[in-house]
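Asker: Handing you this structure, nothing more for now.
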Amino acid sequence: MNEKEVELIRRLKKKDQRALEEIITLFHHYVSAVVCQILYGQTDRSDIQSVINDVFFRLWNSADHIDIRKGESLKSYIGAIARNAALTEKKNLRNSAPLEEDILGEIPDHFNQVELRSIILSALKKLEPDEQRILLKYYFQGKSIREISEEEHKPLPTVKSRLQRSRKKFRNILEEGGFIYET
């Protein structure tokens with residue numbers, strides 16, 4: 001740990017707001033990179049910025065726990081906070097991904113449709129939120145790959161490949177569950 005970092009930590013422990021401002025200036029890009037690497041494609045920019053802000057808020061609140069004697073660099077300490085905050089957010093996003101029955105729309109409840117609807121919902125819930133969205137938009141909302149590309153702010157080839165991978169993963173989940181669709 002260099003002298004500048006030691007001085008910033010001492011000032012931060014004394015709740016010197018200017019020290020926090022200097023730390024934000026020094027490490028904002030680094031924290032952004034760590035958080036974006038974990039959350040890219042999982043949520044929007046405002047949520048990512050919220051996590052970045054939370055990292056510096058956590059640093060402010062945990063300044064007393066930084067042990068200067070250990071020689072740990074400020075960058076690695078902030079990096080650990082950023083990684084943990086982003087992973088927590090990713091876990092929360094995964095657990096709170098809304099997948100309600102009404103998302104599938106109106107499927108007529110003829111014969112085995114009720115059971116089929118249940119099987120589809122169960123399999124969809126095992127996919128990542130972005131995989132769910134792409135499959136739902138394409139197959140159940142009837143959107144084109146171009147429309148999905150525009151809505152998701154992703155290049156057309158990316159959406160095509162994600163749709164293909166999601167479709168394969170979805171099929172494997174269904175087959176593992178004992179559901180085999182024959183054409």
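Chain labels run A, B, ... following the order of the structure tokens; each chain numbers its residues from 1, and ligands are numbered from 1 in the order shown.
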How close does stretch 16-35 of chain A get to stretch 70-89 of chain A? List, as a tab-separated table, each residue of stretch 16-35 of chain A within 8 Å, its nearest atom pair and the distance in Å to one decimal, counting only C-alpha atoms.
Answerer:
```
residue	atom	partner	partner_atom	distance
A:Phe27	CA	A:Lys75	CA	7.3
A:Tyr30	CA	A:Gly79	CA	7.8
A:Val31	CA	A:Ala82	CA	6.0
A:Val34	CA	A:Arg83	CA	6.3
A:Val35	CA	A:Ala86	CA	5.4
```
Asker: Pull all heavy atoms from the residues just selected and write them as a tab-separated table (two decimals), in the first residue's frame.
Answerer:
```
chain	number	residue	atom	x	y	z
A	27	PHE	N	-10.82	5.42	-8.41
A	27	PHE	CA	-11.22	4.02	-8.60
A	27	PHE	C	-12.57	3.82	-9.30
A	27	PHE	O	-13.01	2.68	-9.43
A	27	PHE	CB	-11.23	3.30	-7.25
A	27	PHE	CG	-9.87	3.21	-6.62
A	27	PHE	CD1	-9.53	4.01	-5.53
A	27	PHE	CD2	-8.91	2.34	-7.12
A	27	PHE	CE1	-8.28	3.93	-4.95
A	27	PHE	CE2	-7.66	2.25	-6.55
A	27	PHE	CZ	-7.33	3.05	-5.45
A	30	TYR	N	-12.32	1.50	-12.32
A	30	TYR	CA	-12.01	0.14	-11.89
A	30	TYR	C	-13.26	-0.55	-11.33
A	30	TYR	O	-13.59	-1.67	-11.70
A	30	TYR	CB	-10.88	0.16	-10.85
A	30	TYR	CG	-10.61	-1.17	-10.21
A	30	TYR	CD1	-10.08	-2.23	-10.94
A	30	TYR	CD2	-10.88	-1.38	-8.86
A	30	TYR	CE1	-9.83	-3.46	-10.35
A	30	TYR	CE2	-10.64	-2.61	-8.26
A	30	TYR	CZ	-10.11	-3.64	-9.02
A	30	TYR	OH	-9.87	-4.86	-8.43
A	31	VAL	N	-13.97	0.15	-10.43
A	31	VAL	CA	-15.19	-0.40	-9.84
A	31	VAL	C	-16.22	-0.66	-10.94
A	31	VAL	O	-16.88	-1.71	-10.95
A	31	VAL	CB	-15.74	0.54	-8.75
A	31	VAL	CG1	-17.13	0.12	-8.31
A	31	VAL	CG2	-14.80	0.58	-7.55
A	34	VAL	N	-15.36	-3.88	-12.78
A	34	VAL	CA	-15.65	-5.08	-11.99
A	34	VAL	C	-17.15	-5.36	-11.99
A	34	VAL	O	-17.59	-6.49	-12.25
A	34	VAL	CB	-15.11	-4.94	-10.54
A	34	VAL	CG1	-15.61	-6.08	-9.65
A	34	VAL	CG2	-13.60	-4.86	-10.54
A	35	VAL	N	-17.94	-4.33	-11.72
A	35	VAL	CA	-19.39	-4.49	-11.63
A	35	VAL	C	-19.98	-4.86	-12.99
A	35	VAL	O	-20.80	-5.77	-13.11
A	35	VAL	CB	-20.05	-3.22	-11.05
A	35	VAL	CG1	-21.56	-3.28	-11.16
A	35	VAL	CG2	-19.62	-3.01	-9.60
```
Asker: Enumerate as a ChimeraX atom specification all residues of stretch 3-176 of chain A assigned to helix (DSSP H, G or I) by DSSP on the backbone, naming them with the chain letters and numbers the document uses.
Answerer: /A:3-13,17-39,45-61,63-65,68-70,74-95,101-104,113-124,129-140,145-152,156-176
